[in-house]
Each structure stands twice: as structure tokens, then as C-alpha cells.
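**Q** This is the content of query-v1.csv (CSV, C-alpha atoms):
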```
chain,number,residue,atom,x,y,z
A,1,MET,CA,0.0,0.0,0.0
A,2,SER,CA,1.5,3.4,-1.1
A,3,THR,CA,1.8,6.2,1.4
A,4,GLY,CA,2.0,9.9,0.7
A,5,GLN,CA,4.7,12.4,1.6
A,6,VAL,CA,3.9,14.4,4.7
A,7,SER,CA,4.6,18.2,4.6
A,8,GLN,CA,3.6,21.2,6.6
A,9,VAL,CA,1.5,24.3,5.7
A,10,PHE,CA,0.4,27.3,7.6
A,11,ASP,CA,-3.3,28.2,7.7
A,12,LYS,CA,-4.6,31.8,7.8
A,13,ASP,CA,-4.1,32.0,11.5
A,14,GLY,CA,-0.4,31.0,11.3
A,15,VAL,CA,-1.0,27.5,12.7
A,16,VAL,CA,1.2,24.8,11.3
A,17,ARG,CA,-0.9,21.9,10.0
A,18,PRO,CA,0.5,18.7,8.5
A,19,THR,CA,-0.7,17.7,5.0
A,20,ALA,CA,-0.1,14.5,3.1
A,21,GLU,CA,0.2,14.2,-0.7
A,22,PHE,CA,-1.2,10.8,-1.3
A,23,PRO,CA,-0.9,9.1,-4.7
A,24,PRO,CA,-3.9,9.2,-7.1
A,25,ASP,CA,-6.8,6.8,-6.4
A,26,ILE,CA,-6.3,3.7,-8.4
A,27,TRP,CA,-9.9,3.9,-9.5
A,28,GLY,CA,-9.5,7.4,-11.0
A,29,ASP,CA,-12.8,8.9,-12.2
A,30,CYS,CA,-14.3,5.5,-12.8
A,31,PHE,CA,-17.2,5.9,-10.3
A,32,LEU,CA,-17.5,9.7,-10.9
A,33,ASN,CA,-18.3,8.9,-14.5
A,34,TYR,CA,-20.8,6.2,-13.7
A,35,ASN,CA,-24.1,7.0,-15.5
A,36,SER,CA,-26.9,5.7,-13.3
A,37,GLU,CA,-29.5,7.0,-15.7
A,38,GLU,CA,-28.3,4.7,-18.5
A,39,ASP,CA,-28.2,1.8,-16.1
A,40,LYS,CA,-31.7,2.5,-14.8
A,41,ILE,CA,-33.3,1.0,-17.9
A,42,ASP,CA,-31.2,-2.2,-17.5
A,43,HIS,CA,-32.0,-2.2,-13.8
A,44,VAL,CA,-35.8,-2.3,-14.5
A,45,ARG,CA,-35.4,-5.0,-17.1
A,46,ARG,CA,-33.3,-7.1,-14.8
A,47,GLU,CA,-35.7,-6.8,-11.9
A,48,GLU,CA,-38.6,-7.9,-14.1
A,49,GLU,CA,-36.7,-11.0,-15.3
A,50,ILE,CA,-35.5,-11.7,-11.7
A,51,GLU,CA,-39.1,-11.7,-10.5
A,52,GLU,CA,-40.1,-14.2,-13.2
A,53,LEU,CA,-37.1,-16.5,-12.4
A,54,LYS,CA,-37.8,-16.3,-8.7
A,55,GLU,CA,-41.3,-17.6,-9.2
A,56,GLN,CA,-40.0,-20.4,-11.4
A,57,VAL,CA,-37.5,-21.5,-8.8
A,58,ARG,CA,-40.1,-21.1,-6.0
A,59,MET,CA,-42.3,-23.6,-7.9
A,60,GLU,CA,-39.4,-26.0,-8.2
A,61,LEU,CA,-38.7,-25.8,-4.5
A,62,ARG,CA,-42.3,-26.4,-3.6
A,63,SER,CA,-42.5,-29.5,-5.8
A,64,ILE,CA,-39.1,-30.9,-4.9
A,65,VAL,CA,-40.5,-32.5,-1.7
A,66,ASN,CA,-41.9,-35.2,-3.9
A,67,HIS,CA,-38.4,-36.2,-5.1
A,68,PRO,CA,-35.7,-38.3,-3.4
A,69,LEU,CA,-33.8,-36.8,-0.4
A,70,SER,CA,-30.6,-36.3,-2.4
A,71,LYS,CA,-32.4,-34.1,-5.0
A,72,GLN,CA,-34.1,-32.1,-2.2
A,73,ILE,CA,-31.0,-31.3,-0.3
A,74,ASN,CA,-28.9,-30.6,-3.3
A,75,LEU,CA,-31.3,-28.0,-4.7
A,76,VAL,CA,-31.4,-26.2,-1.3
A,77,ASP,CA,-27.6,-26.2,-1.1
A,78,THR,CA,-27.3,-24.9,-4.7
A,79,VAL,CA,-29.8,-22.1,-4.0
A,80,GLU,CA,-27.8,-21.0,-1.0
A,81,ARG,CA,-24.4,-21.4,-2.5
A,82,LEU,CA,-25.5,-19.3,-5.5
A,83,GLY,CA,-26.3,-16.4,-3.2
A,84,VAL,CA,-30.1,-16.2,-3.7
A,85,LYS,CA,-31.3,-17.6,-0.4
A,86,ARG,CA,-32.8,-14.3,0.7
A,87,HIS,CA,-35.3,-14.4,-2.1
A,88,LEU,CA,-36.5,-18.0,-1.3
A,89,GLU,CA,-36.3,-18.3,2.5
A,90,THR,CA,-39.9,-19.5,3.0
A,91,GLU,CA,-39.6,-22.2,0.4
A,92,ILE,CA,-36.1,-23.3,1.7
A,93,GLU,CA,-37.4,-23.6,5.3
A,94,HIS,CA,-40.4,-25.6,4.0
A,95,VAL,CA,-38.1,-28.1,2.3
A,96,LEU,CA,-35.8,-28.4,5.3
A,97,GLN,CA,-38.6,-28.8,7.7
A,98,HIS,CA,-40.0,-31.6,5.5
A,99,ILE,CA,-36.5,-33.3,5.5
A,100,TYR,CA,-36.2,-33.0,9.2
A,101,ASP,CA,-39.7,-34.4,9.9
A,102,ILE,CA,-39.7,-37.2,7.3
A,103,TYR,CA,-36.1,-38.4,7.0
A,104,TYR,CA,-33.8,-37.2,9.7
A,105,HIS,CA,-35.0,-39.4,12.6
A,106,ASP,CA,-34.4,-42.6,10.6
A,107,ILE,CA,-31.3,-43.9,12.3
A,108,ASP,CA,-31.2,-46.9,10.0
A,109,HIS,CA,-31.1,-44.6,6.9
A,110,PRO,CA,-30.0,-46.0,3.6
A,111,TYR,CA,-28.5,-42.7,2.4
A,112,ASP,CA,-24.9,-42.2,1.3
A,113,LEU,CA,-22.4,-40.0,3.2
A,114,CYS,CA,-22.7,-37.0,0.9
A,115,THR,CA,-26.5,-36.8,1.3
A,116,ILE,CA,-26.4,-37.3,5.1
A,117,ALA,CA,-23.5,-34.8,5.7
A,118,LEU,CA,-25.1,-32.2,3.5
A,119,SER,CA,-28.5,-32.6,5.2
A,120,PHE,CA,-26.8,-32.4,8.6
A,121,ARG,CA,-25.0,-29.1,7.7
A,122,LEU,CA,-28.0,-27.4,6.2
A,123,LEU,CA,-30.4,-28.4,8.9
A,124,ARG,CA,-28.0,-27.3,11.7
A,125,GLN,CA,-27.2,-24.0,9.9
A,126,HIS,CA,-30.9,-23.3,9.9
A,127,GLY,CA,-31.3,-24.0,13.6
A,128,HIS,CA,-32.8,-27.5,13.6
A,129,GLN,CA,-31.8,-29.7,16.5
A,130,VAL,CA,-30.0,-32.5,14.7
A,131,SER,CA,-27.8,-35.1,16.4
A,132,SER,CA,-24.3,-36.1,15.1
A,133,ASP,CA,-25.3,-39.7,16.0
A,134,ILE,CA,-26.6,-39.9,12.4
A,135,PHE,CA,-22.9,-40.5,11.4
A,136,ASN,CA,-22.6,-43.6,13.6
A,137,LYS,CA,-23.4,-45.7,10.5
A,138,PHE,CA,-20.1,-44.7,9.0
A,139,ILE,CA,-18.0,-45.8,12.1
A,140,ASP,CA,-16.2,-49.2,12.1
A,141,GLU,CA,-15.7,-51.7,14.9
A,142,LYS,CA,-12.6,-49.8,16.0
A,143,ASP,CA,-14.6,-46.6,16.5
A,144,ASN,CA,-13.0,-44.9,13.5
A,145,PHE,CA,-14.5,-43.7,10.3
A,146,LYS,CA,-14.5,-46.5,7.7
A,147,GLU,CA,-11.6,-46.3,5.3
A,148,SER,CA,-13.9,-47.3,2.4
A,149,LEU,CA,-15.4,-43.7,2.7
A,150,THR,CA,-12.2,-42.3,1.2
A,151,SER,CA,-13.2,-43.4,-2.3
A,152,ASP,CA,-16.2,-41.0,-2.0
A,153,VAL,CA,-14.6,-37.6,-2.7
A,154,LEU,CA,-17.8,-35.6,-2.6
A,155,GLY,CA,-18.9,-37.4,0.5
A,156,MET,CA,-15.6,-36.6,2.2
A,157,LEU,CA,-16.0,-32.9,1.3
A,158,SER,CA,-19.5,-32.8,2.6
A,159,LEU,CA,-18.5,-34.5,5.9
A,160,TYR,CA,-15.6,-32.0,6.3
A,161,GLU,CA,-18.0,-29.1,5.8
A,162,ALA,CA,-20.6,-30.6,8.2
A,163,ALA,CA,-18.1,-31.3,10.9
A,164,GLN,CA,-17.2,-27.6,11.0
A,165,LEU,CA,-20.5,-27.0,12.8
A,166,GLU,CA,-19.6,-29.2,15.7
A,167,VAL,CA,-20.5,-28.2,19.3
A,168,HIS,CA,-18.6,-29.0,22.4
A,169,GLY,CA,-18.5,-32.7,23.2
A,170,GLU,CA,-19.3,-34.0,19.8
A,171,ASP,CA,-16.3,-36.4,19.6
A,172,ILE,CA,-17.6,-38.0,16.4
A,173,LEU,CA,-17.3,-34.6,14.6
A,174,ASP,CA,-13.8,-34.1,16.0
A,175,LYS,CA,-12.8,-37.4,14.5
A,176,ALA,CA,-14.5,-36.4,11.2
A,177,ILE,CA,-12.4,-33.3,10.9
A,178,VAL,CA,-9.2,-35.1,11.5
A,179,PHE,CA,-10.2,-38.0,9.2
A,180,THR,CA,-11.4,-35.9,6.3
A,181,ALA,CA,-8.7,-33.3,6.4
A,182,ALA,CA,-5.9,-35.8,6.3
A,183,HIS,CA,-7.4,-37.7,3.4
A,184,LEU,CA,-8.5,-34.6,1.5
A,185,HIS,CA,-5.0,-33.1,1.7
A,186,SER,CA,-3.7,-36.3,0.1
A,187,MET,CA,-6.5,-36.3,-2.5
A,188,ALA,CA,-5.7,-32.7,-3.6
A,189,THR,CA,-2.2,-33.8,-4.7
A,190,ASN,CA,-3.4,-36.8,-6.6
A,191,LEU,CA,-6.5,-35.6,-8.4
A,192,SER,CA,-6.7,-33.4,-11.4
A,193,ASN,CA,-8.4,-30.0,-11.7
A,194,PRO,CA,-11.0,-28.7,-11.1
A,195,LEU,CA,-11.7,-31.2,-8.2
A,196,ALA,CA,-8.2,-30.7,-6.7
A,197,THR,CA,-8.7,-27.0,-6.7
A,198,GLN,CA,-12.1,-27.3,-5.1
A,199,ILE,CA,-10.6,-29.5,-2.3
A,200,THR,CA,-7.8,-27.1,-1.7
A,201,HIS,CA,-10.2,-24.2,-1.5
A,202,VAL,CA,-12.6,-26.0,0.9
A,203,LEU,CA,-9.7,-26.9,3.2
A,204,LYS,CA,-8.7,-23.3,3.4
A,205,TRP,CA,-12.2,-21.7,3.4
A,206,PRO,CA,-15.0,-23.9,4.6
A,207,ILE,CA,-18.4,-22.5,3.6
A,208,HIS,CA,-19.4,-21.1,6.9
A,209,LYS,CA,-16.0,-19.2,7.2
A,210,ALA,CA,-16.0,-17.7,3.7
A,211,VAL,CA,-17.4,-14.4,2.4
A,212,GLN,CA,-20.8,-15.4,0.8
A,213,ARG,CA,-20.7,-13.0,-2.1
A,214,ILE,CA,-17.2,-14.0,-3.1
A,215,GLU,CA,-18.1,-17.6,-2.8
A,216,SER,CA,-21.2,-17.2,-4.8
A,217,ARG,CA,-19.4,-15.7,-7.7
A,218,ARG,CA,-16.8,-18.5,-7.6
A,219,PHE,CA,-19.6,-21.1,-7.5
A,220,PHE,CA,-21.2,-19.7,-10.7
A,221,PHE,CA,-18.3,-21.2,-12.7
A,222,ILE,CA,-18.3,-24.5,-10.9
A,223,TYR,CA,-22.1,-24.9,-11.2
A,224,GLN,CA,-22.4,-23.9,-14.9
A,225,ASP,CA,-20.0,-26.6,-15.9
A,226,GLN,CA,-22.2,-29.3,-14.4
A,227,PRO,CA,-24.1,-31.0,-17.2
A,228,LEU,CA,-27.5,-31.0,-15.5
A,229,HIS,CA,-27.4,-27.5,-13.9
A,230,ASN,CA,-30.6,-25.6,-13.4
A,231,GLN,CA,-30.5,-22.9,-16.1
A,232,ALA,CA,-33.3,-20.7,-14.4
A,233,LEU,CA,-31.5,-20.8,-11.1
A,234,LEU,CA,-28.1,-20.0,-12.5
A,235,ARG,CA,-29.6,-17.1,-14.5
A,236,LEU,CA,-31.4,-15.8,-11.4
A,237,ALA,CA,-28.1,-15.9,-9.4
A,238,LYS,CA,-26.1,-14.1,-12.1
A,239,LEU,CA,-28.8,-11.4,-12.6
A,240,ASP,CA,-29.1,-10.8,-8.9
A,241,PHE,CA,-25.3,-10.6,-8.5
A,242,ASN,CA,-25.1,-8.0,-11.4
A,243,LEU,CA,-28.0,-6.0,-9.9
A,244,LEU,CA,-26.2,-5.8,-6.6
A,245,GLN,CA,-23.0,-4.7,-8.4
A,246,SER,CA,-25.0,-1.9,-10.1
A,247,LEU,CA,-26.2,-0.8,-6.7
A,248,HIS,CA,-22.7,-0.7,-5.3
A,249,LYS,CA,-21.5,1.3,-8.3
A,250,LYS,CA,-24.3,3.9,-7.7
A,251,GLU,CA,-23.3,4.1,-4.0
A,252,LEU,CA,-19.6,4.6,-4.9
A,253,CYS,CA,-20.6,7.2,-7.5
A,254,GLN,CA,-22.4,9.2,-4.8
A,255,LEU,CA,-19.6,8.7,-2.3
A,256,SER,CA,-16.9,9.7,-4.9
A,257,THR,CA,-18.9,12.8,-5.8
A,258,TYR,CA,-19.2,13.8,-2.1
A,259,VAL,CA,-15.4,13.3,-1.5
A,260,ASN,CA,-14.6,15.2,-4.7
A,261,ILE,CA,-16.6,18.2,-3.5
A,262,ILE,CA,-15.0,18.1,-0.1
A,263,PHE,CA,-11.4,18.1,-1.4
A,264,ASN,CA,-12.1,20.0,-4.6
A,265,PRO,CA,-14.7,22.6,-3.7
A,266,SER,CA,-14.1,24.6,-6.9
A,267,CYS,CA,-15.6,21.7,-8.9
A,268,ILE,CA,-19.1,22.7,-7.8
A,269,PHE,CA,-18.9,26.1,-9.7
```
Can the structure in the file be given as C-alpha cells, please?
**A**
Amino acid sequence: MSTGQVSQVFDKDGVVRPTAEFPPDIWGDCFLNYNSEEDKIDHVRREEEIEELKEQVRMELRSIVNHPLSKQINLVDTVERLGVKRHLETEIEHVLQHIYDIYYHDIDHPYDLCTIALSFRLLRQHGHQVSSDIFNKFIDEKDNFKESLTSDVLGMLSLYEAAQLEVHGEDILDKAIVFTAAHLHSMATNLSNPLATQITHVLKWPIHKAVQRIESRRFFFIYQDQPLHNQALLRLAKLDFNLLQSLHKKELCQLSTYVNIIFNPSCIF
């Protein structure tokens, strides 16, 4: 970060006041020249399309409860990771309550590690009282996680993310963190991109520790490369992200104008 040279000047009363000559702003006049009027037309068009897409995704969330658990929980996770959860909170909570009531108390569940770990994380994130005992199925006779789980990369990633939400005394989740972290570090060196990159990123920034907006933008590129991605949902997420960017530009334009007036009062004449 550059620092300016400090010098001294005398004001009209003869008082010495320090001044600093800072280097020019790296943004220049970028935000001062932002034309919010031109963007307003696009803004209205985007909002209209967003409303249509929101209703389409709402319908999908309402109907997903008739599908297998894995499809239900993956759709909720995708909605949240794409950063549009705030538009669909009622529908998301309905799906999660359905999962909690219908599936989560089945100790003898037939579901795979990825589905169970993802369900656990999302339910706990949303305040549902879920027990880590659900992972006992994946423990061997030596009270360790089964080595066979290491062949399920997505399951290991989901378990690592889920275990980050442990509370005091949950030994099974302590073991899960140690178990998954060790194997995921090894996997990251042996797998090819983009999966290796994803593992490395998750180990450094688990979902609940990451900045949501930055993670959402990153997830756009991961999700759009999936062959069966939901086009309406992806379009909604991108439009919503761009709309927020426009709002930030408008705010920065107003702030830049204010700062310019303060430091260059002659510009108002």
C-alpha cells in the first residue's frame, strides 16, 4: 500500500498543519463517470426478469419435496451457494422442515455419506436440533470412520464441511475433521483440476467461514460446468449478482462525488 509524503503548511491563523500528498486513487474517475440513468433501464429490465425467475425457482422448491432426499437437499444447497437464499427463505425452510420431519430421525437410513452430511450441515445451519449420531453408521468396529469412505470424494468434502458445525462434546465430529482433512490433503495432490482446486479451497475456506458474495461468484463457474445444472436458477443468481453490483456502483458514485466536492470545492462552480 502506497503512502504519501507528509509536509507542513500554515493556515490563515499561522498555525502549522501537516498535510499528506497521497498518490492518485487507483480507480481514477471510474465511479464519478458512472451514469446511473443509463443503467436504470437495464435495472428495471433485470428486476422484471428476476421476478419471473424467482417464481419459477419457487415452484421447483415447492415441488421438490416429492423427489428423493438427495435431490431435495442438493437443490437447497445450490440455491444457498449461488447467493439467492434471501429471495426464497420461506420455500427453503419448508423443504428443510420436510426433510427434518420425514427423513432425519431414521437412524437406519439407507442414504450415502454425501447426502447425510449435506443434510446435517444445512439443517444445523438453519437452527434445527440435529444429532451427530446420524454419522454412527459410518463408524467401524474400532470406533473410527470407515476407510472405504475415502473413495467418495464428494462425501468426504460434505463431511468435512458438516463437521465444522460441531459443538462442544461431539467427539464423532472431532474425528470427522481429522479423518477428512488428512485424506482430502492427500487427494488434492493426486486428483486433477477442477476437483483438486475445489478440495484445496474448501480446506482453506469452509463454507461457513467464507465471504458469501465472493463464494457465490466463484460457485457460478463451478455450477455452470455441471451438465445438468438448473438454467433458471443460474440465470437468477447471475442477474441478482449483477443487480447488486450496479447498486454498489451507484453508491460509490455518490460517495466519490461527495469526496470530490470536499477536497475540490471549486468543482461545484
**Q** Determine, counting only C-alpha atoms, which protein, DNA and RNA residues have an atom within 10 Å of an atom of segment 218-221 of chain A; residues of the same chain fewer than 5 positions away are not included. Present the result as number ranges by chain.
**A** A: 78, 81-83, 212-213, 226, 234-235, 237-238
**Q** Which polymer residues, whether protein, DNA or RNA, lie within 8 Å of the coordinate (-44.4, -20.3, 0.4) when you count only C-alpha atoms? List them as a compact mmCIF listing (two decimals) with C-alpha atoms, in the coordinates of the input, using the chain letters and numbers from the file.
**A**
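Writing the result to result_13.txt gives the following:
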```txt
# COMPACT_ATOMS: atom_id res chain seq x y z
CA ARG A 58 -40.10 -21.10 -6.00
CA ARG A 62 -42.30 -26.40 -3.60
CA THR A 90 -39.90 -19.50 3.00
CA GLU A 91 -39.60 -22.20 0.40
CA HIS A 94 -40.40 -25.60 4.00
```
**Q** Between A:Lys209, A:His43, A:Arg124, A:Lys146, which one has atoms that come closest to Gln97 of chain A, using all atoms listed in the file?
**A**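 For Gln97 of chain A, the nearest of the candidates is A:Arg124.
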**Q** For a test of reading the model, state the distance in Å between atom CA of Tyr223 of chain A and atom CA of Leu69 of chain A, rounded to one decimal.
**A** 19.9 Å
**Q** For atom CA of Glu49 of chain A and atom CA of Leu247 of chain A, quote the distance in Å rounded to one decimal.
**A**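 Atom-to-atom, atom CA of Glu49 of chain A to atom CA of Leu247 of chain A, that is 17.0 Å.
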**Q** Neighbouring residues of Glu48 of chain A were defined as those with any atom within 12 Å, considering all atoms listed in the file; residues of the same chain fewer than 4 positions away were excluded. Please report them as a PDB file with C-alpha atoms, keeping the file's coordinate frame.
**A**
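result_7.pdb, freshly written:
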```
ATOM      1  CA  ILE A  41     -33.300   1.000 -17.900  1.00  0.00           C
ATOM      2  CA  ASP A  42     -31.200  -2.200 -17.500  1.00  0.00           C
ATOM      3  CA  HIS A  43     -32.000  -2.200 -13.800  1.00  0.00           C
ATOM      4  CA  VAL A  44     -35.800  -2.300 -14.500  1.00  0.00           C
ATOM      5  CA  GLU A  52     -40.100 -14.200 -13.200  1.00  0.00           C
ATOM      6  CA  LEU A  53     -37.100 -16.500 -12.400  1.00  0.00           C
ATOM      7  CA  LYS A  54     -37.800 -16.300  -8.700  1.00  0.00           C
ATOM      8  CA  GLU A  55     -41.300 -17.600  -9.200  1.00  0.00           C
ATOM      9  CA  LEU A 236     -31.400 -15.800 -11.400  1.00  0.00           C
ATOM     10  CA  LEU A 239     -28.800 -11.400 -12.600  1.00  0.00           C
ATOM     11  CA  ASP A 240     -29.100 -10.800  -8.900  1.00  0.00           C
ATOM     12  CA  LEU A 243     -28.000  -6.000  -9.900  1.00  0.00           C
TER      13      LEU A 243
END
```
**Q** I'd like the contact shell of segment 115-119 of chain A - 10 Å cut-off, only C-alpha atoms, skipping same-chain residues fewer than 4 positions apart - returned as a PyMOL selection string.
**A** chain A and resi 69-74+76-77+96+99-100+103-104+109-111+123-125+130+132+134-135+154-163
**Q** Could you tell me which of A:Ile102, A:Ala176, A:Leu122, A:Val57 comes closest to Ile139 of chain A if we count all atoms listed in the file?
**A**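 Result for the nearest residue to Ile139 of chain A: A:Ala176.
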**Q** Which is closest to Val79 of chain A among A:Ile50, A:Met187, A:Ala181, A:Ile92, if we use only C-alpha atoms?
**A**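 Counting only C-alpha atoms, the residue closest to Val79 of chain A is A:Ile92.
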**Q** One decimal, in Å: what's the spacing between atom CA of Leu173 of chain A and atom CA of Leu113 of chain A?
**A**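 So the answer is 13.6 Å.
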**Q** So, counting all atoms listed in the file, which residue among A:His105, A:Arg86, A:His208, A:Lys142 is closest to Gln164 of chain A?
**A** A:His208
**Q** For Glu80 of chain A, which residue among A:Glu47, A:Glu166, A:Asp152, A:Glu93 is the nearest when counting all atoms listed in the file?
**A**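 Of the candidates, the smallest distance to Glu80 of chain A is held by A:Glu93.
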**Q** Just want the 10 Å neighbourhood of Val153 of chain A, counted on all atoms listed in the file, with same-chain residues fewer than 6 positions away dropped. Output as a ChimeraX atom specification.
**A** /A:114,159,180,183-184,187,195,199
